[in-house]
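run.cif, holding mmCIF, C-alpha atoms and all ligand atoms:
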data_entry
#
loop_
_atom_site.label_atom_id
_atom_site.label_comp_id
_atom_site.auth_asym_id
_atom_site.auth_seq_id
_atom_site.Cartn_x
_atom_site.Cartn_y
_atom_site.Cartn_z
CA MET M 1 -13.28 -21.37 -114.86
CA LYS M 2 -14.77 -23.93 -117.21
CA ILE M 3 -12.57 -23.53 -120.27
CA ALA M 4 -12.77 -25.25 -123.65
CA PHE M 5 -9.46 -25.55 -125.49
CA LEU M 6 -9.60 -26.25 -129.23
CA GLY M 7 -6.33 -27.19 -130.96
CA CYS M 8 -3.64 -29.44 -129.49
CA GLY M 9 -0.53 -28.64 -131.52
CA ILE M 10 2.91 -27.51 -130.35
CA MET M 11 1.41 -24.48 -128.60
CA GLY M 12 -2.05 -25.72 -127.61
CA VAL M 13 -0.90 -28.68 -125.52
CA PRO M 14 1.30 -26.76 -123.04
CA MET M 15 -1.19 -23.88 -122.85
CA ALA M 16 -4.08 -26.23 -122.01
CA LYS M 17 -1.93 -28.09 -119.49
CA ASN M 18 -1.07 -24.83 -117.73
CA LEU M 19 -4.78 -24.03 -117.43
CA LEU M 20 -5.35 -27.44 -115.82
CA ASN M 21 -2.41 -26.96 -113.46
CA ALA M 22 -3.87 -23.63 -112.37
CA GLY M 23 -7.07 -25.42 -111.32
CA HIS M 24 -9.34 -24.60 -114.26
CA GLU M 25 -11.70 -27.25 -115.60
CA VAL M 26 -10.63 -27.94 -119.20
CA ILE M 27 -12.66 -29.52 -121.98
CA VAL M 28 -10.38 -30.26 -124.91
CA TRP M 29 -10.96 -30.91 -128.60
CA ASN M 30 -8.63 -31.41 -131.56
CA ARG M 31 -9.45 -32.25 -135.18
CA THR M 32 -7.27 -35.36 -134.87
CA SER M 33 -8.40 -36.89 -131.60
CA ALA M 34 -5.08 -38.63 -130.79
CA ALA M 35 -3.36 -35.26 -130.25
CA THR M 36 -5.50 -34.52 -127.18
CA ALA M 37 -3.84 -37.40 -125.24
CA PRO M 38 -1.29 -35.33 -123.25
CA VAL M 39 -4.00 -32.89 -122.15
CA VAL M 40 -6.47 -35.67 -121.29
CA GLU M 41 -3.73 -37.46 -119.30
CA ALA M 42 -3.21 -34.21 -117.39
CA GLY M 43 -6.89 -34.19 -116.37
CA ALA M 44 -8.93 -32.65 -119.19
CA ARG M 45 -12.16 -34.11 -120.54
CA GLU M 46 -12.26 -34.68 -124.30
CA ALA M 47 -15.26 -33.39 -126.25
CA LYS M 48 -16.48 -35.13 -129.41
CA SER M 49 -16.79 -31.89 -131.35
CA ALA M 50 -15.78 -28.24 -131.20
CA SER M 51 -19.38 -27.21 -130.54
CA GLU M 52 -19.76 -29.74 -127.71
CA ALA M 53 -16.62 -28.32 -126.08
CA CYS M 54 -17.90 -24.73 -126.37
CA ALA M 55 -21.34 -25.70 -125.05
CA ALA M 56 -19.74 -27.10 -121.89
CA ALA M 57 -17.51 -24.07 -121.21
CA GLU M 58 -17.77 -20.43 -120.11
CA VAL M 59 -14.86 -19.43 -122.31
CA THR M 60 -13.28 -21.17 -125.31
CA PHE M 61 -9.64 -20.74 -126.34
CA VAL M 62 -8.63 -21.71 -129.89
CA MET M 63 -5.05 -22.36 -131.06
CA VAL M 64 -4.93 -23.69 -134.62
CA SER M 65 -2.58 -23.32 -137.55
CA THR M 66 -3.85 -21.01 -140.30
CA PRO M 67 -6.61 -18.49 -141.13
CA GLU M 68 -8.47 -21.29 -142.96
CA ALA M 69 -8.24 -23.58 -139.93
CA ALA M 70 -9.33 -20.86 -137.49
CA LEU M 71 -12.34 -20.02 -139.66
CA ALA M 72 -13.29 -23.71 -140.01
CA VAL M 73 -13.09 -24.19 -136.24
CA ALA M 74 -15.22 -21.07 -135.57
CA ARG M 75 -17.89 -22.36 -137.96
CA ALA M 76 -17.80 -25.78 -136.28
CA ALA M 77 -17.91 -24.22 -132.80
CA LYS M 78 -20.81 -21.85 -133.52
CA ASP M 79 -23.65 -24.14 -132.40
CA GLY M 80 -22.09 -24.44 -128.94
CA LEU M 81 -21.90 -20.66 -128.40
CA SER M 82 -24.56 -18.38 -126.93
CA ALA M 83 -24.97 -15.16 -124.93
CA GLY M 84 -22.81 -15.10 -121.82
CA LYS M 85 -20.05 -17.22 -123.37
CA GLY M 86 -16.69 -16.04 -124.65
CA TYR M 87 -14.55 -17.16 -127.61
CA VAL M 88 -10.86 -16.27 -127.62
CA ASP M 89 -8.89 -17.08 -130.75
CA VAL M 90 -5.16 -17.10 -130.03
CA SER M 91 -4.09 -18.43 -133.45
CA THR M 92 -2.03 -16.15 -135.72
CA VAL M 93 -4.35 -14.97 -138.52
CA ASP M 94 -4.88 -11.83 -140.60
CA ALA M 95 -7.25 -9.04 -139.50
CA LYS M 96 -9.89 -9.87 -142.14
CA THR M 97 -10.13 -13.49 -141.00
CA SER M 98 -10.33 -12.37 -137.39
CA SER M 99 -13.22 -10.04 -138.27
CA GLU M 100 -15.02 -12.93 -139.99
CA ILE M 101 -14.55 -15.09 -136.90
CA ALA M 102 -15.76 -12.22 -134.70
CA ALA M 103 -18.93 -11.93 -136.81
CA ILE M 104 -19.63 -15.68 -136.51
CA VAL M 105 -19.11 -15.63 -132.75
CA ARG M 106 -21.06 -12.43 -132.10
CA SER M 107 -24.01 -13.68 -134.22
CA THR M 108 -24.61 -16.23 -131.42
CA GLY M 109 -24.65 -13.54 -128.71
CA ALA M 110 -21.23 -14.64 -127.40
CA GLU M 111 -18.31 -12.23 -126.99
CA PHE M 112 -15.10 -12.38 -129.05
CA LEU M 113 -11.48 -11.66 -128.33
CA GLU M 114 -8.55 -12.16 -130.69
CA ALA M 115 -5.42 -12.80 -128.65
CA PRO M 116 -2.50 -14.01 -130.79
CA VAL M 117 0.64 -14.73 -128.81
CA SER M 118 4.23 -13.67 -128.98
CA GLY M 119 6.47 -16.44 -127.67
CA SER M 120 7.11 -20.01 -128.76
CA LYS M 121 7.01 -23.56 -127.38
CA LYS M 122 9.18 -22.88 -124.29
CA PRO M 123 7.31 -19.70 -123.23
CA ALA M 124 4.06 -21.66 -123.76
CA GLU M 125 5.38 -24.36 -121.39
CA ASP M 126 6.59 -21.77 -118.89
CA GLY M 127 3.36 -19.72 -118.94
CA ALA M 128 5.38 -16.82 -120.30
CA LEU M 129 3.52 -15.89 -123.50
CA ILE M 130 2.62 -12.31 -124.46
CA PHE M 131 -1.04 -11.94 -125.49
CA LEU M 132 -1.96 -9.27 -128.07
CA CYS M 133 -5.69 -8.87 -127.43
CA ALA M 134 -8.41 -6.95 -129.22
CA GLY M 135 -12.18 -7.15 -129.49
CA ASP M 136 -14.72 -7.25 -126.67
CA GLU M 137 -13.11 -5.55 -123.69
CA ALA M 138 -15.55 -7.09 -121.20
CA LEU M 139 -14.36 -10.54 -122.26
CA TYR M 140 -10.76 -9.37 -121.93
CA GLY M 141 -11.65 -8.41 -118.35
CA ARG M 142 -13.18 -11.82 -117.65
CA CYS M 143 -10.13 -13.61 -119.07
CA GLN M 144 -7.51 -12.05 -116.79
CA ALA M 145 -6.99 -15.27 -114.80
CA PRO M 146 -6.38 -17.61 -117.77
CA LEU M 147 -4.30 -14.97 -119.58
CA GLU M 148 -2.14 -14.58 -116.48
CA THR M 149 -1.79 -18.35 -116.17
CA MET M 150 -0.64 -18.81 -119.76
CA GLY M 151 1.32 -15.59 -120.17
CA LYS M 152 3.67 -13.10 -118.61
CA ALA M 153 1.99 -10.08 -120.22
CA HIS M 154 -1.17 -9.13 -122.05
CA PHE M 155 -2.14 -6.02 -123.98
CA PHE M 156 -5.56 -4.74 -125.01
CA LEU M 157 -5.15 -3.04 -128.38
CA GLY M 158 -8.71 -2.00 -129.28
CA GLU M 159 -10.91 -3.07 -132.19
CA VAL M 160 -10.82 -6.57 -133.69
CA GLY M 161 -7.88 -6.72 -136.10
CA GLN M 162 -5.45 -4.63 -134.05
CA GLY M 163 -4.13 -7.67 -132.16
CA ALA M 164 -3.77 -9.63 -135.40
CA LYS M 165 -1.87 -6.76 -137.01
CA MET M 166 0.46 -6.33 -134.01
CA LYS M 167 1.28 -10.04 -134.14
CA LEU M 168 2.02 -9.91 -137.88
CA VAL M 169 4.33 -6.90 -137.43
CA VAL M 170 6.23 -8.73 -134.66
CA ASN M 171 6.58 -11.95 -136.65
CA MET M 172 7.60 -10.07 -139.80
CA ILE M 173 10.45 -8.50 -137.81
CA MET M 174 11.35 -11.89 -136.33
CA GLY M 175 11.36 -13.63 -139.72
CA SER M 176 13.55 -10.91 -141.23
CA MET M 177 15.94 -11.08 -138.27
CA MET M 178 16.22 -14.85 -138.63
CA GLY M 179 16.92 -14.50 -142.36
CA ALA M 180 19.75 -12.02 -141.71
CA PHE M 181 21.10 -14.22 -138.90
CA ALA M 182 21.16 -17.27 -141.21
CA GLU M 183 23.07 -15.23 -143.81
CA GLY M 184 25.56 -14.06 -141.17
CA LEU M 185 26.21 -17.59 -139.90
CA THR M 186 26.74 -18.79 -143.46
CA LEU M 187 29.00 -15.90 -144.42
CA SER M 188 31.17 -16.37 -141.31
CA GLU M 189 31.61 -20.04 -142.17
CA LYS M 190 32.47 -19.24 -145.80
CA CYS M 191 35.25 -16.88 -144.72
CA ASP M 192 36.70 -19.32 -142.20
CA LEU M 193 35.36 -17.60 -139.11
CA ASP M 194 34.10 -19.85 -136.35
CA PRO M 195 30.25 -19.49 -136.22
CA ASP M 196 30.29 -20.24 -132.48
CA THR M 197 32.66 -17.31 -131.93
CA LEU M 198 30.27 -15.19 -133.99
CA LEU M 199 27.51 -16.12 -131.52
CA GLN M 200 29.70 -14.98 -128.64
CA VAL M 201 30.49 -11.68 -130.35
CA ILE M 202 26.80 -11.06 -131.10
CA SER M 203 25.81 -11.91 -127.52
CA LEU M 204 28.05 -9.16 -126.12
CA GLY M 205 26.89 -6.30 -128.33
CA ALA M 206 23.82 -4.21 -129.04
CA ILE M 207 22.31 -6.77 -131.46
CA ALA M 208 22.26 -9.48 -128.77
CA SER M 209 18.88 -11.17 -128.76
CA PRO M 210 17.35 -14.07 -126.82
CA MET M 211 16.37 -15.55 -130.19
CA PHE M 212 19.96 -15.60 -131.48
CA ALA M 213 21.17 -17.02 -128.15
CA LEU M 214 18.50 -19.73 -128.18
CA LYS M 215 18.60 -20.75 -131.83
CA GLY M 216 22.25 -20.10 -132.71
CA PRO M 217 23.85 -23.19 -131.09
CA SER M 218 21.29 -25.62 -132.56
CA MET M 219 21.58 -23.96 -135.99
CA ASN M 220 25.37 -24.32 -135.89
CA ALA M 221 24.85 -27.98 -134.96
CA GLY M 222 22.47 -28.44 -137.91
CA LYS M 223 19.54 -29.26 -135.62
CA PHE M 224 16.08 -27.89 -136.40
CA ALA M 225 13.58 -29.63 -134.05
CA PRO M 226 10.36 -27.64 -134.47
CA ALA M 227 9.39 -25.11 -131.80
CA PHE M 228 7.89 -22.77 -134.41
CA PRO M 229 7.30 -24.68 -137.66
CA LEU M 230 8.80 -23.00 -140.72
CA LYS M 231 5.52 -23.28 -142.65
CA HIS M 232 3.88 -21.05 -139.98
CA GLN M 233 6.69 -18.46 -140.15
CA GLN M 234 6.25 -18.28 -143.93
CA LYS M 235 2.47 -17.93 -143.43
CA ASP M 236 3.13 -14.97 -141.14
CA MET M 237 5.54 -13.34 -143.63
CA ARG M 238 2.91 -13.81 -146.34
CA LEU M 239 0.17 -12.26 -144.18
CA ALA M 240 2.39 -9.36 -143.06
CA ILE M 241 3.39 -8.61 -146.65
CA ALA M 242 -0.29 -8.70 -147.69
CA LEU M 243 -1.06 -6.22 -144.91
CA ALA M 244 1.73 -3.93 -146.15
CA ASP M 245 0.43 -4.30 -149.75
CA GLU M 246 -3.00 -3.03 -148.66
CA LEU M 247 -1.33 0.04 -147.14
CA ALA M 248 1.09 0.56 -150.07
CA GLN M 249 3.94 0.14 -147.59
CA GLU M 250 7.20 -1.08 -149.15
CA MET M 251 8.87 -3.93 -147.27
CA PRO M 252 11.92 -4.95 -149.32
CA VAL M 253 13.71 -6.62 -146.38
CA ALA M 254 10.71 -8.74 -145.36
CA ALA M 255 9.98 -9.60 -149.00
CA ALA M 256 13.53 -10.87 -149.51
CA ALA M 257 13.36 -12.90 -146.29
CA ASN M 258 10.03 -14.35 -147.41
CA GLU M 259 11.70 -15.66 -150.58
CA LEU M 260 14.14 -17.62 -148.37
CA TYR M 261 11.28 -19.19 -146.38
CA LYS M 262 9.50 -20.10 -149.62
CA ARG M 263 12.65 -21.79 -150.90
CA ALA M 264 12.99 -23.69 -147.61
CA ARG M 265 9.36 -24.83 -147.87
CA ARG M 266 9.92 -26.01 -151.44
CA ASP M 267 12.93 -27.96 -150.18
CA GLY M 268 10.79 -29.85 -147.65
CA CYS M 269 11.41 -27.86 -144.44
CA ASP M 270 7.71 -27.16 -143.64
CA ASP M 271 7.68 -29.06 -140.36
CA GLU M 272 11.19 -28.18 -139.21
CA ASP M 273 11.85 -25.18 -137.00
CA PHE M 274 11.81 -21.81 -138.80
CA SER M 275 15.55 -21.57 -138.13
CA ALA M 276 15.90 -24.22 -140.89
CA VAL M 277 15.80 -21.22 -143.22
CA LEU M 278 19.57 -21.57 -142.74
CA LYS M 279 19.45 -24.57 -145.10
CA ALA M 280 17.95 -22.41 -147.86
CA VAL M 281 20.72 -19.83 -147.37
CA LYS M 282 23.47 -22.46 -147.38
CA LYS M 283 22.23 -24.18 -150.51
P1 LIG M 301 0.86 -26.91 -134.97
O1 LIG M 301 1.71 -27.64 -134.00
O2 LIG M 301 1.12 -27.08 -136.43
O3 LIG M 301 -0.68 -27.25 -134.63
C1 LIG M 301 -1.68 -26.83 -135.49
C2 LIG M 301 -3.03 -27.16 -134.90
O4 LIG M 301 -4.05 -26.71 -135.83
C3 LIG M 301 -3.29 -28.66 -134.71
O5 LIG M 301 -4.05 -28.83 -133.52
C4 LIG M 301 -4.12 -29.02 -135.94
O6 LIG M 301 -4.96 -30.14 -135.76
C5 LIG M 301 -4.96 -27.77 -136.07
N1 LIG M 301 -5.56 -27.64 -137.40
C6 LIG M 301 -4.94 -27.46 -138.57
N2 LIG M 301 -5.82 -27.36 -139.58
C7 LIG M 301 -7.04 -27.49 -139.01
C8 LIG M 301 -8.38 -27.47 -139.52
N3 LIG M 301 -8.62 -27.28 -140.83
N4 LIG M 301 -9.40 -27.63 -138.65
C9 LIG M 301 -9.16 -27.81 -137.33
N5 LIG M 301 -7.93 -27.84 -136.78
C10 LIG M 301 -6.88 -27.67 -137.61
O7 LIG M 301 0.94 -25.32 -134.74
P2 LIG M 301 1.43 -24.48 -133.48
O8 LIG M 301 2.90 -24.30 -133.55
O9 LIG M 301 0.80 -25.01 -132.25
O10 LIG M 301 0.81 -23.06 -133.87
C11 LIG M 301 -0.58 -22.80 -133.77
C12 LIG M 301 -0.80 -21.32 -134.11
O11 LIG M 301 -0.03 -20.50 -133.21
C13 LIG M 301 -0.37 -20.90 -135.51
O12 LIG M 301 -1.25 -19.91 -135.98
C14 LIG M 301 1.02 -20.32 -135.30
O13 LIG M 301 1.37 -19.39 -136.30
C15 LIG M 301 0.85 -19.67 -133.94
N6 LIG M 301 2.04 -19.53 -133.13
C16 LIG M 301 2.94 -20.54 -133.05
C17 LIG M 301 4.08 -20.38 -132.26
C18 LIG M 301 5.12 -21.45 -132.15
O14 LIG M 301 6.25 -21.11 -131.75
N7 LIG M 301 4.86 -22.70 -132.47
C19 LIG M 301 4.29 -19.18 -131.57
C20 LIG M 301 3.32 -18.17 -131.65
C21 LIG M 301 2.20 -18.35 -132.43
P3 LIG M 301 -4.49 -31.62 -136.26
O15 LIG M 301 -3.73 -32.20 -135.09
O16 LIG M 301 -5.76 -32.32 -136.55
O17 LIG M 301 -3.63 -31.43 -137.48
#
Rewrite the structure from the file as C-alpha cells, please.
Ligand code: NAP
Amino acid sequence: MKIAFLGCGIMGVPMAKNLLNAGHEVIVWNRTSAATAPVVEAGAREAKSASEACAAAEVTFVMVSTPEAALAVARAAKDGLSAGKGYVDVSTVDAKTSSEIAAIVRSTGAEFLEAPVSGSKKPAEDGALIFLCAGDEALYGRCQAPLETMGKAHFFLGEVGQGAKMKLVVNMIMGSMMGAFAEGLTLSEKCDLDPDTLLQVISLGAIASPMFALKGPSMNAGKFAPAFPLKHQQKDMRLAIALADELAQEMPVAAAANELYKRARRDGCDDEDFSAVLKAVKK
C-alpha cells in the first residue's frame, strides 16, 4: 500500500520502518523535519507537509504526542484527504478529541479509524503492538495488512471513542501498577530487603508481570532511558481520570498515582521513562 506516516517519535519511527520492511511505500512527515531521518534512510520519501503526505497516500497513519498535537495534525492534513482515502490516528487521545478528528477527516469524504496502541518502544520495534480500533469498519478491513505488520493483535471496538477509552483504561491500570511497584521497591530498600530479591519473589508469584520484569532491573539500577516518556503517562492518567469524572466513577488509586506522576514532572522527569516515578516516591 501507499502509506503516509505522520509523527516520527519513539513509536512512529519503528512503526514506519516496519511498514517499509514489509514492502509498503511510505511517505513520511514530522513537524521537526530532522526526526524523519531514520525512516528516510530506511527508504521512505519525505513530504514537505502533512497534507502533501496524505495526498500521496491511500492510507495515513498518525502517531503524535497529545490530543492538541493530534488535532493540529488532522487540521494540517485535511487538504490532502478526499473520498477513497483513509486516516488512522494511533496516538493516545481522549474520546472527544478523537470525535473531533473523525469529523475533520469525514468532512473530506475520507474514512477514519482511531487505533491507539498498547505496547511500548520494543513491541513497536518487534511489530508486536496491540491496536484498539474504532470508527469506520470498512477502513479497518482495508488496514489489515499494515495492522498485522505493526502489531500482534488488533481489536475492532465499535464507534469512534471506544478505542480511545479502552486505551485510557489500560494505561490507567498500568500507571497505577507502576506507582505501587515504585512504592514496593522503595519500601523494601528502606527495610533492608534486597530490591533485586523482591523482583525474583514477584516474578514467581501471581503478580508477576512482563512490565515488572522489564522495568525492575533498570529501576533498581537508577536508569530511566525513555521507552514511554513520563509526561505521556501523566497525560494518560489525566485523561483517564477526566473520563471517570464524566461518569462519576471514583478512582482513588489512579488519582493517588497521578499525584506521583505530577510530582515527578515538576521535578524534571518529563522526558525520562515513566518508571522514573520511582524518583518521586524515593524523594
Ligand atoms: P514522542 O517520542 O514524544 O513523539 C511525539 C511526536 O509528536 C513527535 O513526532 C513530535 O514531533 C510530535 N508532535 C508533538 N507535538 C506536535 C504538534 N503540535 N504538531 C505536530 N506534531 C507534534 O512520543 P511517543 O512515545 O512516540 O508517543 C506518541 C503517542 O503514542 C503518544 O500519544 C503516546 O501517549 C502514545 N504511546 C506511546 C507509547 C510509548 O511507549 N512510547 C506506547 C503507546 C502509546 P516533533 O519531533 O516535531 O516534536
Next item on the list: Give me the residues within 10 Å of Arg142 in chain M as a PyMOL selection string, counting all atoms listed in the file and dropping any in the same chain fewer than 3 places off.
Entry: chain M and resi 1+59+86+137-139+145-147
Taking only residues of chain M that have an atom at most 8 Å from an atom of ligand LIG 301 (chain M), what is each one's shortest atom pair and its distance in Å to one decimal, using all atoms listed in the file, in chain and number order, as CSV?
residue,atom,partner,partner_atom,distance
M:Leu6,CA,M:LIG301,O5,7.5
M:Gly7,CA,M:LIG301,O5,3.8
M:Cys8,CA,M:LIG301,O5,4.1
M:Gly9,CA,M:LIG301,O3,3.4
M:Ile10,CA,M:LIG301,O9,3.8
M:Met11,CA,M:LIG301,O9,3.7
M:Gly12,CA,M:LIG301,O9,5.5
M:Val13,CA,M:LIG301,O9,7.9
M:Asn30,CA,M:LIG301,O5,5.6
M:Arg31,CA,M:LIG301,O16,3.9
M:Thr32,CA,M:LIG301,O16,3.8
M:Ser33,CA,M:LIG301,O16,7.2
M:Ala34,CA,M:LIG301,O15,7.9
M:Ala35,CA,M:LIG301,O15,5.7
M:Met63,CA,M:LIG301,C11,5.2
M:Val64,CA,M:LIG301,O4,3.4
M:Ser65,CA,M:LIG301,C13,3.9
M:Thr66,CA,M:LIG301,O12,5.2
M:Pro67,CA,M:LIG301,O12,7.6
M:Glu68,CA,M:LIG301,N3,6.4
M:Ala69,CA,M:LIG301,N3,3.8
M:Ala70,CA,M:LIG301,N4,6.9
M:Ala72,CA,M:LIG301,N4,5.7
M:Val73,CA,M:LIG301,C9,5.5
M:Val90,CA,M:LIG301,O11,6.9
M:Ser91,CA,M:LIG301,O12,4.1
M:Thr92,CA,M:LIG301,O12,3.8
M:Val93,CA,M:LIG301,O12,6.4
M:Pro116,CA,M:LIG301,C21,6.6
M:Val117,CA,M:LIG301,C20,5.2
M:Ser118,CA,M:LIG301,C20,5.3
M:Gly119,CA,M:LIG301,C19,5.2
M:Ser120,CA,M:LIG301,O14,3.3
M:Lys121,CA,M:LIG301,O14,5.1
M:Pro226,CA,M:LIG301,N7,7.7
M:Ala227,CA,M:LIG301,O14,5.1
M:Phe228,CA,M:LIG301,O14,3.5
M:Pro229,CA,M:LIG301,O8,6.0
M:His232,CA,M:LIG301,O13,4.8
M:Gln233,CA,M:LIG301,O13,6.6
M:Lys235,CA,M:LIG301,O13,7.4
M:Asp236,CA,M:LIG301,O13,6.8
M:Asp271,CA,M:LIG301,O2,7.9
Next item on the list: Can you pull out every residue within 10 Å of Ile104 in chain M, counting all atoms listed in the file, but drop anything in the same chain fewer than 5 positions away, and send it as a VMD selection string?
Entry: chain M and resid 71 74 to 75 77 to 78 81 98 to 99 109 to 110 112
Notebook entry, point to check: Leaving out range 244-254 of chain M and any residue of its chain fewer than 2 positions from it, which residues lie within 8 Å of it when counting only C-alpha atoms, given as a VMD selection string?
Noted result: chain M and resid 172 to 173 175 to 176 237 240 to 242 256 to 258
Store the residues picked out above, limited to C-alpha atoms, as a JSON list (two decimals), keeping the file's coordinate frame.
[["chain", "number", "residue", "atom", "x", "y", "z"],
["M", 172, "MET", "CA", 7.60, -10.07, -139.80],
["M", 173, "ILE", "CA", 10.45, -8.50, -137.81],
["M", 175, "GLY", "CA", 11.36, -13.63, -139.72],
["M", 176, "SER", "CA", 13.55, -10.91, -141.23],
["M", 237, "MET", "CA", 5.54, -13.34, -143.63],
["M", 240, "ALA", "CA", 2.39, -9.36, -143.06],
["M", 241, "ILE", "CA", 3.39, -8.61, -146.65],
["M", 242, "ALA", "CA", -0.29, -8.70, -147.69],
["M", 256, "ALA", "CA", 13.53, -10.87, -149.51],
["M", 257, "ALA", "CA", 13.36, -12.90, -146.29],
["M", 258, "ASN", "CA", 10.03, -14.35, -147.41]]
Checklist line | Expected answer as an MDAnalysis selection string: all residues with atoms within 7 Å of (-12.5, -21.8, -125.9), all atoms listed in the file | finding: chainID M and resid 3:6 54 59:62 87:88
Check: Which distance in Å separates CA of Phe131 in chain M and CA of Glu58 in chain M, to one decimal?
Finding: 19.5 Å
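Atom pair CA of Leu19 in chain M / CA of Phe156 in chain M has a distance of 20.7 Å (rounded to one decimal).
Rounded to one decimal, CA of Pro123 in chain M and CA of Lys215 in chain M lie 14.2 Å from each other.
Closest to Val39 in chain M among M:Thr186, M:Asn21, M:Gln144, M:Ser51 is M:Asn21, based on only C-alpha atoms.
Using all atoms listed in the file, the smallest distance between any of M:Val201, M:Leu230, M:Cys269, M:Leu260 and Val281 in chain M comes from M:Leu260.
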Checklist line | 10 Å contact set for Leu185 in chain M, only C-alpha atoms, chain neighbours under 2 positions out, as a ChimeraX atom specification | finding: /M:180-183,187-190,193-196,198-199,216,219-220,278,281-282
